[in-house]
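Enquirer: Quick one, query32.cif (mmCIF, C-alpha atoms):
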```
data_work
loop_
_atom_site.label_atom_id
_atom_site.label_comp_id
_atom_site.auth_asym_id
_atom_site.auth_seq_id
_atom_site.Cartn_x
_atom_site.Cartn_y
_atom_site.Cartn_z
CA MET A 19 18.85 25.64 3.50
CA ASN A 20 20.65 22.94 1.55
CA THR A 21 18.46 19.83 1.80
CA ALA A 22 19.19 16.18 1.03
CA ILE A 23 16.19 13.92 0.41
CA LEU A 24 16.98 10.23 0.67
CA GLY A 25 14.78 8.31 -1.78
CA ALA A 26 12.88 9.36 -4.90
CA GLY A 27 9.56 7.62 -4.40
CA VAL A 28 6.28 9.49 -4.18
CA SER A 29 7.15 11.03 -0.79
CA GLY A 30 10.62 12.27 -1.70
CA LEU A 31 9.58 13.54 -5.12
CA SER A 32 6.52 15.33 -3.75
CA LEU A 33 8.54 17.00 -1.01
CA ALA A 34 11.14 18.19 -3.51
CA ARG A 35 8.48 19.59 -5.80
CA PHE A 36 6.61 21.34 -2.97
CA LEU A 37 9.85 22.87 -1.73
CA LEU A 38 10.74 24.19 -5.17
CA GLU A 39 7.19 25.39 -5.84
CA GLY A 40 7.40 27.18 -2.49
CA GLY A 41 10.47 29.14 -3.54
CA LEU A 42 13.44 27.13 -2.29
CA ALA A 43 16.42 27.51 -4.62
CA ARG A 44 16.92 24.56 -6.98
CA LYS A 45 20.53 24.19 -5.87
CA ASP A 46 19.29 23.62 -2.32
CA VAL A 47 17.41 20.37 -3.10
CA THR A 48 19.17 17.08 -3.86
CA LEU A 49 17.52 13.66 -4.05
CA PHE A 50 19.52 10.45 -3.68
CA GLU A 51 17.99 7.37 -5.34
CA ALA A 52 19.61 3.93 -5.46
CA ALA A 53 17.44 2.64 -8.32
CA PRO A 54 17.98 3.52 -11.98
CA ALA A 55 14.53 5.20 -12.10
CA VAL A 56 12.26 7.16 -9.77
CA GLY A 57 8.96 5.87 -8.47
CA GLY A 58 9.69 3.63 -5.48
CA LEU A 59 6.56 1.75 -4.37
CA CYS A 60 4.57 3.43 -7.17
CA ALA A 61 6.71 1.96 -9.96
CA SER A 62 5.21 0.19 -12.98
CA LYS A 63 6.67 -2.11 -15.61
CA THR A 64 5.79 -2.82 -19.25
CA VAL A 65 6.58 -6.18 -20.86
CA ALA A 66 5.59 -7.00 -24.45
CA GLY A 67 2.88 -4.34 -24.37
CA PHE A 68 1.47 -5.37 -20.97
CA THR A 69 1.80 -2.81 -18.13
CA TYR A 70 1.47 -3.62 -14.43
CA ASP A 71 2.22 -1.98 -11.09
CA VAL A 72 5.05 -3.83 -9.41
CA THR A 73 4.00 -3.44 -5.76
CA GLY A 74 0.30 -4.21 -6.13
CA GLY A 75 -2.73 -2.67 -7.73
CA HIS A 76 -2.78 1.07 -7.04
CA ILE A 77 -5.62 3.53 -7.54
CA LEU A 78 -5.84 7.30 -7.28
CA TYR A 79 -8.45 8.41 -4.78
CA SER A 80 -8.29 10.91 -1.95
CA LYS A 81 -10.59 12.61 0.51
CA ASP A 82 -8.23 15.57 0.14
CA ALA A 83 -9.45 17.15 -3.10
CA ALA A 84 -6.44 19.49 -3.34
CA ALA A 85 -3.98 16.60 -3.08
CA MET A 86 -5.79 14.58 -5.73
CA ARG A 87 -5.99 17.63 -7.99
CA TRP A 88 -2.25 18.23 -7.55
CA MET A 89 -1.41 14.61 -8.38
CA LYS A 90 -3.62 14.59 -11.47
CA ASP A 91 -2.28 17.93 -12.72
CA ALA A 92 1.31 16.77 -12.21
CA ALA A 93 0.61 13.75 -14.44
CA GLY A 94 -1.14 15.64 -17.26
CA GLY A 95 -4.55 16.63 -15.93
CA ASP A 96 -7.96 15.01 -16.22
CA THR A 97 -7.49 13.86 -19.82
CA ALA A 98 -4.50 11.77 -18.75
CA PHE A 99 -6.67 9.64 -16.46
CA VAL A 100 -9.42 7.07 -16.77
CA ALA A 101 -12.31 7.34 -14.30
CA LYS A 102 -13.35 3.89 -13.08
CA GLU A 103 -16.23 2.61 -10.97
CA ARG A 104 -14.89 0.41 -8.21
CA ARG A 105 -16.14 -3.14 -8.63
CA THR A 106 -14.63 -5.51 -6.10
CA LYS A 107 -15.61 -9.04 -5.15
CA ILE A 108 -14.54 -11.93 -2.95
CA ARG A 109 -14.14 -15.31 -4.62
CA PHE A 110 -15.77 -17.84 -2.28
CA GLY A 111 -15.63 -21.31 -3.84
CA ASP A 112 -17.40 -20.90 -7.18
CA ARG A 113 -19.34 -17.83 -6.03
CA TRP A 114 -18.81 -14.09 -6.28
CA VAL A 115 -19.45 -12.41 -2.94
CA HIS A 116 -20.11 -8.69 -2.78
CA TYR A 117 -17.42 -6.65 -1.02
CA PRO A 118 -17.14 -5.82 1.84
CA PHE A 119 -17.98 -9.32 3.04
CA GLU A 120 -20.68 -8.33 5.53
CA ASN A 121 -22.53 -6.55 2.72
CA GLY A 122 -22.62 -9.71 0.60
CA LEU A 123 -23.91 -12.42 2.93
CA SER A 124 -26.74 -13.50 0.63
CA ASP A 125 -24.13 -14.43 -2.00
CA LEU A 126 -22.82 -17.17 0.33
CA PRO A 127 -24.04 -20.75 0.60
CA ALA A 128 -27.02 -20.95 2.97
CA GLN A 129 -25.14 -22.42 5.95
CA ALA A 130 -22.28 -19.90 5.68
CA ASN A 131 -24.82 -17.07 5.39
CA PHE A 132 -26.53 -18.29 8.56
CA ASP A 133 -23.23 -18.70 10.43
CA CYS A 134 -22.13 -15.17 9.52
CA LEU A 135 -25.45 -13.50 10.31
CA LYS A 136 -25.81 -15.34 13.63
CA GLY A 137 -22.28 -14.40 14.66
CA TYR A 138 -22.70 -10.77 13.61
CA ILE A 139 -25.92 -10.37 15.62
CA GLU A 140 -24.40 -12.08 18.65
CA ALA A 141 -21.31 -9.84 18.53
CA TRP A 142 -23.45 -6.71 18.05
CA HIS A 143 -25.73 -7.68 20.95
CA LYS A 144 -22.82 -8.42 23.25
CA ARG A 145 -21.30 -4.99 22.54
CA GLN A 146 -24.61 -3.32 23.34
CA MET A 147 -24.98 -5.24 26.60
CA ASP A 148 -21.48 -5.02 28.04
CA GLY A 149 -20.24 -1.78 26.40
CA SER A 150 -16.87 -3.41 25.84
CA SER A 151 -13.98 -1.62 24.18
CA ALA A 152 -12.22 -2.90 21.08
CA PRO A 153 -9.69 -5.62 21.96
CA ASP A 154 -6.02 -4.96 21.31
CA ALA A 155 -5.43 -8.25 19.46
CA PHE A 156 -6.64 -8.26 15.88
CA GLY A 157 -8.11 -11.78 15.96
CA ALA A 158 -10.11 -10.94 19.07
CA TRP A 159 -11.15 -7.64 17.51
CA VAL A 160 -12.54 -9.47 14.46
CA ARG A 161 -14.77 -11.59 16.68
CA TRP A 162 -15.75 -8.60 18.82
CA ARG A 163 -16.70 -6.64 15.73
CA PHE A 164 -17.94 -9.21 13.18
CA GLY A 165 -18.61 -12.40 15.15
CA GLU A 166 -17.44 -15.97 14.84
CA GLY A 167 -18.99 -16.76 11.46
CA ILE A 168 -17.38 -13.94 9.46
CA ALA A 169 -14.11 -14.59 11.30
CA ARG A 170 -14.09 -18.28 10.37
CA HIS A 171 -15.36 -18.01 6.81
CA PHE A 172 -13.40 -14.96 5.66
CA MET A 173 -11.42 -12.75 8.03
CA ASP A 174 -9.19 -15.41 9.60
CA PRO A 175 -8.15 -17.21 6.41
CA TYR A 176 -7.73 -14.01 4.41
CA ASN A 177 -5.63 -12.24 7.02
CA ARG A 178 -3.44 -15.29 7.61
CA LYS A 179 -2.79 -15.28 3.88
CA VAL A 180 -1.94 -11.56 3.72
CA TRP A 181 0.01 -11.11 6.94
CA LYS A 182 1.61 -14.57 7.18
CA ARG A 183 0.87 -14.48 10.90
CA GLU A 184 -1.89 -15.63 13.22
CA PRO A 185 -4.44 -12.78 13.58
CA ASP A 186 -3.81 -12.38 17.32
CA GLN A 187 -0.11 -11.74 16.65
CA LEU A 188 -1.26 -8.42 15.17
CA SER A 189 -2.70 -5.50 17.05
CA SER A 190 -6.04 -4.01 16.02
CA ASP A 191 -4.50 -0.55 15.51
CA TRP A 192 -4.09 -0.89 11.75
CA VAL A 193 -7.84 -1.25 11.14
CA ALA A 194 -8.71 1.96 13.00
CA GLY A 195 -10.32 4.33 10.53
CA ARG A 196 -9.97 1.84 7.66
CA VAL A 197 -12.91 -0.48 8.31
CA PRO A 198 -16.25 1.36 8.41
CA ASP A 199 -18.84 -0.07 10.80
CA ALA A 200 -21.70 -1.50 8.76
CA PRO A 201 -25.07 -0.73 10.44
CA ILE A 202 -26.71 -3.93 11.63
CA GLU A 203 -29.73 -3.09 9.47
CA ASP A 204 -27.50 -3.22 6.39
CA VAL A 205 -26.12 -6.62 7.39
CA LEU A 206 -29.64 -7.97 7.93
CA ARG A 207 -30.69 -6.66 4.53
CA ALA A 208 -27.58 -8.13 2.93
CA SER A 209 -28.29 -11.54 4.44
CA VAL A 210 -31.79 -11.75 2.93
CA GLY A 211 -30.71 -10.47 -0.48
CA ILE A 212 -31.40 -6.74 -0.28
CA ARG A 213 -28.23 -5.23 -1.73
CA THR A 214 -26.36 -2.81 0.52
CA GLU A 215 -23.14 -0.94 -0.20
CA GLY A 216 -20.07 -0.44 1.96
CA TYR A 217 -16.93 1.64 1.38
CA THR A 218 -18.85 4.04 -0.87
CA HIS A 219 -16.11 6.66 -0.38
CA GLN A 220 -14.06 4.85 -3.07
CA SER A 221 -16.92 4.20 -5.49
CA ILE A 222 -15.07 6.15 -8.22
CA PHE A 223 -11.30 6.08 -8.59
CA TYR A 224 -8.82 7.28 -11.22
CA TYR A 225 -5.96 5.59 -13.00
CA PRO A 226 -3.45 6.91 -15.56
CA ALA A 227 -4.50 6.31 -19.15
CA ARG A 228 -0.95 5.31 -20.07
CA GLY A 229 2.19 4.18 -18.26
CA GLY A 230 0.64 2.55 -15.21
CA PHE A 231 0.52 4.19 -11.80
CA GLN A 232 4.12 5.28 -12.27
CA ALA A 233 2.81 7.94 -14.67
CA ILE A 234 1.90 9.89 -11.53
CA THR A 235 5.36 9.77 -9.97
CA ASP A 236 6.93 10.42 -13.38
CA GLY A 237 4.72 13.49 -13.64
CA ILE A 238 5.66 14.70 -10.18
CA ALA A 239 9.32 14.10 -11.01
CA SER A 240 9.17 15.96 -14.33
CA THR A 241 10.04 19.33 -12.77
CA VAL A 242 12.68 18.04 -10.33
CA MET A 243 14.62 15.41 -12.31
CA ASP A 244 17.63 17.69 -12.59
CA ARG A 245 17.90 17.43 -8.79
CA VAL A 246 17.69 13.60 -8.67
CA ARG A 247 20.84 11.48 -8.55
CA LEU A 248 19.86 8.06 -9.86
CA LYS A 249 21.91 4.92 -9.16
CA THR A 250 23.25 6.67 -6.07
CA PRO A 251 22.65 4.58 -2.95
CA VAL A 252 23.10 6.30 0.38
CA ARG A 253 26.16 4.71 1.99
CA GLU A 254 26.63 6.91 5.06
CA VAL A 255 24.80 9.69 6.88
CA GLN A 256 26.64 11.47 9.68
CA ARG A 257 25.78 14.36 11.97
CA VAL A 258 28.56 16.96 11.99
CA GLY A 259 27.82 19.78 14.42
CA GLU A 260 24.64 21.48 13.19
CA ARG A 261 24.94 19.99 9.71
CA TRP A 262 24.87 16.57 8.05
CA ARG A 263 27.10 14.64 5.69
CA VAL A 264 25.53 12.32 3.12
CA ASN A 265 28.11 10.21 1.31
CA GLY A 266 30.65 12.79 2.46
CA GLU A 267 28.75 15.81 1.09
CA GLU A 268 27.47 18.45 3.54
CA PHE A 269 23.82 19.50 3.90
CA ASP A 270 21.85 21.63 6.32
CA ARG A 271 18.94 19.18 6.51
CA VAL A 272 18.33 15.53 5.70
CA VAL A 273 14.89 14.05 5.01
CA CYS A 274 14.89 10.26 5.09
CA THR A 275 12.22 8.34 3.17
CA LEU A 276 14.27 5.14 3.42
CA ALA A 277 12.89 2.39 5.65
CA LEU A 278 13.47 2.81 9.38
CA THR A 279 14.73 -0.78 9.45
CA ASP A 280 17.68 0.30 7.27
CA VAL A 281 18.57 3.50 9.13
CA PRO A 282 21.14 1.91 11.51
CA ARG A 283 23.03 0.56 8.50
CA ILE A 284 23.58 4.01 6.97
CA VAL A 285 23.37 6.52 9.85
CA ALA A 286 26.39 6.77 12.11
CA GLU A 287 26.18 6.50 15.89
CA VAL A 288 22.59 5.29 16.30
CA PRO A 289 22.28 4.25 19.98
CA ALA A 290 22.05 0.48 20.46
CA ASP A 291 18.52 0.51 21.88
CA VAL A 292 17.28 2.72 19.03
CA ALA A 293 19.01 0.56 16.44
CA SER A 294 17.35 -2.55 17.88
CA ALA A 295 13.94 -0.86 17.86
CA MET A 296 14.40 0.12 14.20
CA THR A 297 15.65 -3.21 12.92
CA GLU A 298 12.99 -5.18 14.82
CA LEU A 299 10.06 -3.32 13.28
CA GLU A 300 7.98 -5.91 11.42
CA PHE A 301 7.07 -5.64 7.74
CA ASN A 302 5.99 -7.79 4.82
CA SER A 303 7.51 -8.08 1.37
CA ILE A 304 5.51 -8.68 -1.79
CA THR A 305 5.95 -10.51 -5.07
CA CYS A 306 3.70 -9.23 -7.84
CA ILE A 307 3.09 -11.45 -10.86
CA LEU A 308 1.76 -10.25 -14.19
CA ILE A 309 -0.26 -12.92 -16.00
CA ALA A 310 -0.67 -11.97 -19.66
CA LEU A 311 -3.78 -13.60 -21.13
CA ASP A 312 -4.80 -14.47 -24.66
CA ARG A 313 -8.39 -13.36 -24.25
CA ALA A 314 -10.05 -10.14 -25.23
CA GLU A 315 -11.68 -9.03 -22.02
CA HIS A 316 -12.39 -9.65 -18.36
CA PRO A 317 -15.61 -9.49 -16.41
CA ASP A 318 -16.25 -5.89 -15.31
CA LEU A 319 -14.24 -6.12 -12.09
CA SER A 320 -11.54 -3.95 -10.51
CA TRP A 321 -9.92 -6.35 -8.09
CA ILE A 322 -10.87 -9.43 -6.10
CA TYR A 323 -9.88 -11.13 -2.86
CA LEU A 324 -8.93 -14.80 -2.59
CA PRO A 325 -9.24 -15.86 1.07
CA HIS A 326 -8.74 -19.61 0.83
CA ASP A 327 -5.62 -21.73 0.47
CA ASP A 328 -7.00 -23.85 -2.39
CA GLN A 329 -7.17 -20.65 -4.46
CA GLY A 330 -3.38 -20.52 -4.46
CA PRO A 331 -0.90 -18.19 -2.73
CA ALA A 332 -2.24 -14.92 -4.21
CA ASN A 333 -4.42 -12.98 -1.78
CA ARG A 334 -5.54 -10.28 -4.20
CA VAL A 335 -5.87 -10.17 -7.99
CA THR A 336 -6.22 -6.91 -9.88
CA TYR A 337 -7.93 -7.01 -13.27
CA MET A 338 -5.09 -4.88 -14.59
CA SER A 339 -6.25 -4.52 -18.18
CA ASN A 340 -9.61 -3.21 -16.94
CA TYR A 341 -7.89 -0.19 -15.37
CA ALA A 342 -6.80 1.35 -18.66
CA PRO A 343 -6.98 0.10 -22.26
CA SER A 344 -3.25 0.70 -22.71
CA ASN A 345 -2.37 -1.83 -19.99
CA ALA A 346 -2.71 -4.68 -22.51
CA PRO A 347 -2.46 -5.01 -26.31
CA THR A 348 -5.69 -5.01 -28.29
CA GLY A 349 -7.49 -8.34 -27.94
CA LYS A 350 -5.53 -9.33 -24.80
CA SER A 351 -6.07 -8.93 -21.05
CA SER A 352 -4.06 -9.32 -17.85
CA PHE A 353 -4.07 -10.09 -14.16
CA LEU A 354 -1.83 -8.65 -11.45
CA CYS A 355 -1.47 -11.19 -8.63
CA GLU A 356 -0.12 -10.25 -5.19
CA VAL A 357 1.71 -12.71 -2.94
CA THR A 358 3.04 -11.48 0.40
CA HIS A 359 5.84 -12.97 2.46
CA PRO A 360 7.50 -11.99 5.75
CA GLY A 361 10.04 -9.19 5.46
CA GLY A 362 13.56 -10.53 5.46
CA ALA A 363 12.52 -13.98 4.23
CA PRO A 364 13.89 -15.24 0.90
CA TYR A 365 11.77 -14.37 -2.10
CA PRO A 366 9.67 -17.24 -3.46
CA GLY A 367 11.29 -19.55 -6.00
CA PRO A 368 10.36 -20.23 -9.64
CA GLU A 369 7.55 -22.58 -8.60
CA LEU A 370 5.45 -19.60 -7.46
CA GLU A 371 4.02 -18.78 -10.89
CA GLY A 372 2.73 -22.31 -11.32
CA GLN A 373 1.17 -22.26 -7.87
CA VAL A 374 -0.56 -18.94 -8.58
CA ILE A 375 -1.86 -20.05 -11.98
CA GLY A 376 -3.05 -23.37 -10.53
CA GLY A 377 -4.93 -21.57 -7.78
CA LEU A 378 -6.60 -19.17 -10.20
CA GLU A 379 -7.56 -22.10 -12.42
CA ARG A 380 -9.18 -23.90 -9.49
CA ALA A 381 -10.98 -20.67 -8.60
CA GLY A 382 -12.41 -20.52 -12.11
CA LEU A 383 -10.65 -17.28 -13.02
CA LEU A 384 -8.61 -18.49 -15.99
CA LYS A 385 -7.78 -21.47 -18.18
CA ARG A 386 -4.16 -22.50 -18.30
CA GLY A 387 -4.18 -22.41 -22.09
CA GLU A 388 -5.00 -18.68 -22.02
CA VAL A 389 -1.71 -17.79 -20.32
CA LEU A 390 0.73 -16.16 -22.74
CA PHE A 391 3.52 -15.50 -20.23
CA THR A 392 4.18 -14.26 -16.71
CA ASP A 393 6.49 -11.64 -15.26
CA ARG A 394 7.34 -10.93 -11.64
CA VAL A 395 8.88 -8.28 -9.40
CA SER A 396 9.62 -8.75 -5.69
CA THR A 397 9.78 -5.76 -3.34
CA ARG A 398 11.35 -5.98 0.10
CA HIS A 399 9.33 -3.32 1.93
CA ALA A 400 5.65 -3.44 1.00
CA TYR A 401 3.39 -3.51 4.09
CA VAL A 402 3.88 -2.23 7.62
CA VAL A 403 3.00 -5.00 10.10
CA PHE A 404 1.27 -3.79 13.25
CA ASP A 405 2.41 -6.34 15.79
CA HIS A 406 2.14 -5.68 19.53
CA GLU A 407 5.63 -4.14 19.72
CA TYR A 408 4.99 -1.72 16.86
CA HIS A 409 4.25 1.40 18.91
CA PRO A 410 7.11 1.22 21.45
CA ARG A 411 9.64 0.42 18.73
CA ARG A 412 8.42 3.11 16.38
CA ASN A 413 8.11 5.74 19.13
CA LEU A 414 11.68 5.11 20.26
CA ALA A 415 12.96 5.31 16.68
CA LEU A 416 11.12 8.50 15.75
CA GLY A 417 11.87 10.11 19.11
CA TRP A 418 15.59 9.70 18.55
CA MET A 419 15.36 11.03 14.98
CA ASP A 420 13.49 14.08 16.19
CA LYS A 421 16.14 14.67 18.87
CA VAL A 422 19.03 14.65 16.37
CA GLY A 423 17.12 16.47 13.60
CA LEU A 424 16.91 13.63 11.06
CA ILE A 425 13.52 14.12 9.39
CA PRO A 426 11.50 10.96 8.54
CA LEU A 427 8.92 10.91 5.74
CA GLY A 428 6.95 8.30 3.80
CA ARG A 429 5.30 4.93 4.34
CA PHE A 430 8.47 3.24 5.57
CA GLY A 431 10.37 6.38 6.51
CA ARG A 432 7.79 6.80 9.28
CA PHE A 433 6.51 3.21 9.27
CA GLU A 434 2.90 4.23 8.66
CA TYR A 435 0.20 2.55 6.58
CA ASP A 436 -0.02 5.45 4.10
CA ASN A 437 -1.42 5.30 0.59
CA SER A 438 0.10 7.46 -2.16
CA ASP A 439 -2.26 10.39 -1.56
CA GLN A 440 -1.42 10.39 2.14
CA CYS A 441 2.27 10.43 1.26
CA VAL A 442 1.65 13.53 -0.87
CA ILE A 443 -0.39 15.21 1.88
CA LYS A 444 2.33 14.62 4.48
CA ALA A 445 5.03 15.81 2.09
CA ARG A 446 2.99 18.97 1.50
CA GLU A 447 2.71 19.62 5.24
CA LEU A 448 6.39 18.96 5.86
CA ALA A 449 7.32 21.32 3.02
CA LYS A 450 5.27 24.09 4.64
CA HIS A 451 7.17 23.69 7.90
CA MET A 452 10.55 23.48 6.18
CA LEU A 453 9.87 26.56 4.06
CA ALA A 454 8.74 28.48 7.14
CA ASP A 455 11.96 27.48 8.92
CA ALA A 456 14.02 28.47 5.89
CA SER A 457 12.35 31.89 5.77
CA ARG A 458 13.32 32.41 9.40
CA GLY A 459 16.87 31.18 8.73
CA ARG A 460 16.40 28.19 11.02
CA MET A 461 17.53 24.60 10.65
CA THR A 462 15.32 21.74 11.92
#
```
Let me see the structure of the file written as structure tokens.
Expert:
Amino acid sequence: MNTAILGAGVSGLSLARFLLEGGLARKDVTLFEAAPAVGGLCASKTVAGFTYDVTGGHILYSKDAAAMRWMKDAAGGDTAFVAKERRTKIRFGDRWVHYPFENGLSDLPAQANFDCLKGYIEAWHKRQMDGSSAPDAFGAWVRWRFGEGIARHFMDPYNRKVWKREPDQLSSDWVAGRVPDAPIEDVLRASVGIRTEGYTHQSIFYYPARGGFQAITDGIASTVMDRVRLKTPVREVQRVGERWRVNGEEFDRVVCTLALTDVPRIVAEVPADVASAMTELEFNSITCILIALDRAEHPDLSWIYLPHDDQGPANRVTYMSNYAPSNAPTGKSSFLCEVTHPGGAPYPGPELEGQVIGGLERAGLLKRGEVLFTDRVSTRHAYVVFDHEYHPRRNLALGWMDKVGLIPLGRFGRFEYDNSDQCVIKARELAKHMLADASRGRMT
């Protein structure tokens, strides 16, 4: 079963490796990659001894122990990773607020603490009394779940900053399963200064000791690089009877990890309604800025959230040099700053670095004189946006692909909010099905 895999990010590389580990002949796997290197959304960059991840701060954690073990082994095993305790905060004025926000209310100024606690109790009581279901609109869901105070002081400004949309323009689907429900007793304790913890499932994470997060995809790729065609963009995909042509070359199967929004540009004869559904799927781009600092160390933090406009355009800052000693030269440290913008919009201009540094200076995170240099990378597809048309558009797109036998995979290949471990898990499951089909002599 001669298989073409479009894209050599974590999904495409993992699928190729699982297929080969499962016994598929090497000659029957070919990966097409437009970039000069593998890695996709997991890519990293090193500049003057400073390493950063170019699509945001990544960590290795998974509830699937086998998937995490496979990823670690592919990249050199336990000794190739640093184990880190997750330490995350919200910068609120000149204060550090424990994360998640509802577990850090006592860190707030007194009036904000009162506003948030009052709103949380009112929202909790209302849910108990009326038994209401979660609203479809994200902004309404925030108030239904957290109350007016937390919405006003944190959730609204932060989510406007990240999504570049009003909260009610988004559906509440994307938070399902991602935002644990803090017991009201924990919120009460947090408000009066009794420390409570949320998101304990990520209390320990792992990060490559050298090479940034890309060390993982490089490790996965190490056994399949002879099957990867770098600098080879996919120009045309065409169904020919029971087979496919990719750039004029015939294959039995095609797995597409490229973004659904780009499929009509490369796949012949996509019906007009399907093409519209694909191209109208909403997404955000990201610009990541490395700030190299002339100071020896950071506070013991992993990453922080910046919800307010006066803190500059960055919504999240990763303390990059805290992840692994090799991420910065001895005696230096670094930040990774994330700035999102609507997909399809022009990337920010050269003024962005100054705006980010100014915001971090106002937030008390750095002094301008500490900045050695900056570096930036912009990435077109970074975050899936769950607007109210997401499900009908996506269902129409994937339904057509299933009908014609074009197999989607990956965060943007399927337009799902998947982290790297989930990409590996889904590649593993797809490989099982494809290998079973191959053993029966079937084509999907």
Enquirer: Can you work out which one of A:Glu267, A:Glu356, A:Glu39, A:Asp328 has the shortest atom-to-atom distance to Trp88 (chain A), counting all atoms listed in the file?
Expert: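 Closest to Trp88 (chain A) of all the choices is A:Glu39.
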Enquirer: On this structure, the PyMOL selection byres ((chain A and resi 90) around 9) would catch which residues? List them as a PDB file with C-alpha atoms, in the coordinates of the input, sorted by chain and number.
Expert:
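Output file expr-v3.pdb is given in full below:
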```
ATOM      1  CA  LEU A  78      -5.840   7.300  -7.280  1.00  0.00           C
ATOM      2  CA  ALA A  85      -3.980  16.600  -3.080  1.00  0.00           C
ATOM      3  CA  MET A  86      -5.790  14.580  -5.730  1.00  0.00           C
ATOM      4  CA  ARG A  87      -5.990  17.630  -7.990  1.00  0.00           C
ATOM      5  CA  TRP A  88      -2.250  18.230  -7.550  1.00  0.00           C
ATOM      6  CA  MET A  89      -1.410  14.610  -8.380  1.00  0.00           C
ATOM      7  CA  ASP A  91      -2.280  17.930 -12.720  1.00  0.00           C
ATOM      8  CA  ALA A  92       1.310  16.770 -12.210  1.00  0.00           C
ATOM      9  CA  ALA A  93       0.610  13.750 -14.440  1.00  0.00           C
ATOM     10  CA  GLY A  94      -1.140  15.640 -17.260  1.00  0.00           C
ATOM     11  CA  GLY A  95      -4.550  16.630 -15.930  1.00  0.00           C
ATOM     12  CA  ASP A  96      -7.960  15.010 -16.220  1.00  0.00           C
ATOM     13  CA  ALA A  98      -4.500  11.770 -18.750  1.00  0.00           C
ATOM     14  CA  PHE A  99      -6.670   9.640 -16.460  1.00  0.00           C
ATOM     15  CA  TYR A 224      -8.820   7.280 -11.220  1.00  0.00           C
ATOM     16  CA  PRO A 226      -3.450   6.910 -15.560  1.00  0.00           C
ATOM     17  CA  ILE A 234       1.900   9.890 -11.530  1.00  0.00           C
ATOM     18  CA  GLY A 237       4.720  13.490 -13.640  1.00  0.00           C
TER      19      GLY A 237
END
```
Enquirer: Let me make sure I understand: among A:Leu31, A:Leu206, A:Ile375, A:Ala314, which one has the smallest atom-to-atom distance to Gly349 (chain A) if we use all atoms listed in the file?
Expert: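 Between A:Leu31, A:Leu206, A:Ile375, A:Ala314, the residue approaching Gly349 (chain A) most closely is A:Ala314.
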Enquirer: Name all residues at most 10 Å from region 449-456 of chain A (count all atoms listed in the file; drop same-chain ones fewer than 6 positions away) and give them as a PyMOL selection string.
Expert: chain A and resi 19-21+32-42+271+443+462
Enquirer: Which neighbours of Asp71 (chain A) fall inside 9 Å, counting all atoms listed in the file, when residues of the same chain fewer than 4 positions from it are skipped, and could you give them as an MDAnalysis selection string?
Expert: chainID A and resid 59:64 75:76 230:232 306 308 338 354
Enquirer: Could those selected residues go to a file with C-alpha atoms, as a compact mmCIF listing (two decimals), in the frame of the given file?
Expert:
```txt
# COMPACT_ATOMS: atom_id res chain seq x y z
CA LEU A 59 6.56 1.75 -4.37
CA CYS A 60 4.57 3.43 -7.17
CA ALA A 61 6.71 1.96 -9.96
CA SER A 62 5.21 0.19 -12.98
CA LYS A 63 6.67 -2.11 -15.61
CA THR A 64 5.79 -2.82 -19.25
CA GLY A 75 -2.73 -2.67 -7.73
CA HIS A 76 -2.78 1.07 -7.04
CA GLY A 230 0.64 2.55 -15.21
CA PHE A 231 0.52 4.19 -11.80
CA GLN A 232 4.12 5.28 -12.27
CA CYS A 306 3.70 -9.23 -7.84
CA LEU A 308 1.76 -10.25 -14.19
CA MET A 338 -5.09 -4.88 -14.59
CA LEU A 354 -1.83 -8.65 -11.45
```
Enquirer: Counting all atoms listed in the file, figure out which residue out of A:Arg446, A:Lys102, A:Arg161, A:Arg432 gets nearest to Ala415 (chain A).
Expert: A:Arg432
Enquirer: From the list A:Tyr337, A:Gly74, A:Asp236, A:Val285, which residue is nearest Pro317 (chain A) when using all atoms listed in the file?
Expert: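 The answer is A:Tyr337, which sits nearest to Pro317 (chain A).
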Enquirer: May I ask for the distance between CA of Thr358 (chain A) and CA of His326 (chain A), given in Å to one decimal place?
Expert: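 Between CA of Thr358 (chain A) and CA of His326 (chain A) the gap is 14.3 Å.
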Enquirer: Out of A:Gln373, A:Thr397, A:Thr279, A:Ser150, which residue has the shortest atom-to-atom distance to Phe433 (chain A) when counting all atoms listed in the file?
Expert: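 Looking only at the distances to Phe433 (chain A), the closest residue turns out to be A:Thr279.
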Enquirer: My list of candidates is A:Phe156, A:Tyr79, A:Tyr70, A:Tyr176. Which is closest to Val395 (chain A) when distances are computed with all atoms listed in the file?
Expert: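 Closest candidate: A:Tyr70.
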Enquirer: Quick one: pull the distance between CA of His171 (chain A) and CA of Ser190 (chain A), Å, one decimal.
Expert: 19.2 Å
Enquirer: Write out, as CSV, each residue of region 228-338 of chain A that has an atom at most 12 Å from region 112-122 of chain A, together with the closest pair of atoms and their distance in Å to one decimal, counting only C-alpha atoms, rows going by chain and rising number.
Expert:
```
residue,atom,partner,partner_atom,distance
A:Pro317,CA,A:Trp114,CA,11.6
A:Leu319,CA,A:Trp114,CA,10.9
A:Ser320,CA,A:Tyr117,CA,11.5
A:Trp321,CA,A:Tyr117,CA,10.3
A:Ile322,CA,A:Tyr117,CA,8.7
A:Tyr323,CA,A:Tyr117,CA,9.0
A:Leu324,CA,A:Trp114,CA,10.6
A:Pro325,CA,A:Phe119,CA,11.1
A:His326,CA,A:Asp112,CA,11.9
A:Asp328,CA,A:Asp112,CA,11.8
A:Gln329,CA,A:Asp112,CA,10.6
```
Enquirer: One number please: CA of Pro360 (chain A) to CA of Ser303 (chain A), in Å, one decimal.
Expert: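 Separation of CA of Pro360 (chain A) and CA of Ser303 (chain A): 5.9 Å.
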